[in-house]
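Heads up: the structure comes next, in structure tokens.
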Amino acid sequence: MQRDEKEFRSFLEQGFSTVPADAEFVRGVATFITTLDEMDTDCGIHHNIRSFSWKKYLPIGLAALLFLSVFSYVTIIKMAGNPTDELIDKLNAGSGADTKEVSVISSINTDLYSTGDAIRIRETVTNDEDNQLLFSIGKYVTILLFENSSVRILEAADDDSHIQLLSGNIAVSVVPGKIGKFEIETKGASFTVVGTFFSVSADSGRTELRVYRGKVCANGKRMNKNVIVEKNQQWSDKKEIVSDVNMDEHSLRLLEKVFKSGKISSKITLRKSRKMCGTPDRKRRTITKKMDEKKENAVNLFTSMIAKDMYQEGSAILRGIAGTPDADTVCILVLKLADRKIDHFRFTDAQTLLEMVIDIFPESIYAENAYIRLFNLHKSVGKSSSEQLLIMCKQYLSRFPEGNFVRELKYEKIILLQKLKQYRECYHAISLYRRKYLNHEMDDYLLYLNATLLREHIGDKKNAVQMYRECFERYPQSRYAEDALYWIIKTSDETDRENYAFLYKKNYPEGRWIAEITSVSK
């Protein structure tokens, strides 16, 4: 459609004489004109057809027809809106593709999915901080979705299956020789699989692949170069090079047991692999040597690099300091530099510095502080969408499960889920939050919100009434108590409605619902 509009715009600029016409259509128009001429001659009716210059105005007519076609198409698209996932699924189903069934095999600590539940094509599957989900694509592909992870099923056919890892971690088992192409896509890379056993993580803007068995073809979007990653190797989209690793045997045995039995008995922790001794690149060796010779000047050198906006060189210097006794001192310096950039409204530079602390010093006590500052920067002055903020919340909860800001980030997650209209996940997150943090200062609001989610979006009015009652009885002085009582009256049966209507008129004689309640109770 955009190409047609562009061509039409060029026709307007160059003149209608350049409009290309379909040969069959032109011949049809010519035949029609000839017929009219013959009728004019035979019947003696003079319509001045012969004197009318058809050749002159034919391109104009064709251009007008093209314009009407484009205009009608745009109008129909605007009226119809974007096609829903359901419509796309129907179109895919009607195209003759051999679609595989995507279904849940096993789950733990989740009420969102049960064994045997079907997952629709183009559906986004998201896990909470305590959930893990095992699902299959057909008979030969099994995927374990870890906590605080999100994946989307794009295609599921015998010759081509395609999923997108939005955030978090997955482990995948593919039976060799049984499928065509199976592809996994992340923000920074894509992986093509034939038959293998591996895991992929996408966290804090970094994608990492670990192969336990078989081979995987990795392609980083930055360099767009295919790399074969084999057994006991890992690959990252940061440098896009392959390195040997010693796999954690305990995690490997647990994963193999889950894939073999098709059941998650207990929550599995995907431990990081230990990198084997390797040869650092020449630039790293040169920097390290200089740091050993003039270690006392490293901090000054880094500061001068940042002052010149040479962030890549500054990052290389920091990597030489990582693991030394000076690491924490340097982290404090980088955080101060980030604050200075924020004070001068250089938010992108501040973001780069905070990401340096998170990526280069992940084990430092200041990494969590940097992550919270980065989140607040995205939230307050950045242009991050609610989806991106939600991903950052989940990444923090996964990376710092015992962190100092877990409670605050869980609450932020609830607000973002509600804003994104992910109502079932929001209800589940609120339930976990209220069980974890009893007598929270916003518990009356969370209780009222959960009741409203049940009533308006989940359709469970019975449990919604129970939650409204709990909200009214536990927090009678709350700003939500009057509304909770109103919805009890609106949702309850006749007997309870009269009792609660009397209670409403007694407690709120000048309430905003008093006129409606009085008319109902008469």
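Ligands are numbered from 1 in the order shown, residues from 1 within each chain, and chains are lettered A, B, ... in the order they appear in the structure tokens.
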Checklist entry - Quick one: residues within 8 Å of region 121-138 of chain A, only C-alpha atoms counted, chain neighbours fewer than 4 positions away excluded, as number ranges by chain? => result A: 85, 89, 100-110, 142-156, 262-264, 267, 394, 397-398, 429
Next on the checklist: Just want the 8 Å neighbourhood of Ile184 (chain A), counted on only C-alpha atoms, with same-chain residues fewer than 3 positions away dropped. Output as a list in words.
Outcome noted: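 Once the adjacent positions are removed, what remains is His162, Ile163, Gln164, Leu165, Ser190, Phe191 and Thr192 of chain A.
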Could you save the residues just selected, with C-alpha atoms, as a compact mmCIF listing (two decimals), in the first residue's frame?
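Done, and the output landed in part09.txt:
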```
# COMPACT_ATOMS: atom_id res chain seq x y z
CA HIS A 162 9.78 -19.89 15.74
CA ILE A 163 9.66 -18.43 19.27
CA GLN A 164 10.74 -15.10 20.74
CA LEU A 165 12.41 -14.86 24.16
CA SER A 190 18.80 -15.40 16.92
CA PHE A 191 19.52 -19.14 17.21
CA THR A 192 18.78 -21.91 14.71
```
Next on the checklist: So that I can see what lies close to Ala218 (chain A), please list as a PyMOL selection string the residues with an atom at most 8 Å from it, counting only C-alpha atoms and leaving out residues fewer than 2 positions away in the same chain.
Outcome noted: chain A and resi 189-192+216+220+226-229+235
Checklist entry - What residues in region 379-473 of chain A get the DSSP label helix (DSSP H, G or I)? Please answer as number ranges by chain. => result A: 379-380, 386-399, 406-419, 423-436, 443-458, 461-473
Next on the checklist: I'd like the contact shell of Glu441 (chain A) - 12 Å cut-off, only C-alpha atoms, skipping same-chain residues fewer than 5 positions apart - returned as number ranges by chain.
Outcome noted: A: 411, 434, 446-447, 475, 478
Item to check | Atomic distance CA of Ser251 (chain A) - CA of Arg407 (chain A), expressed in Å with one decimal | outcome: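 Distance between the two atoms: 28.5 Å.
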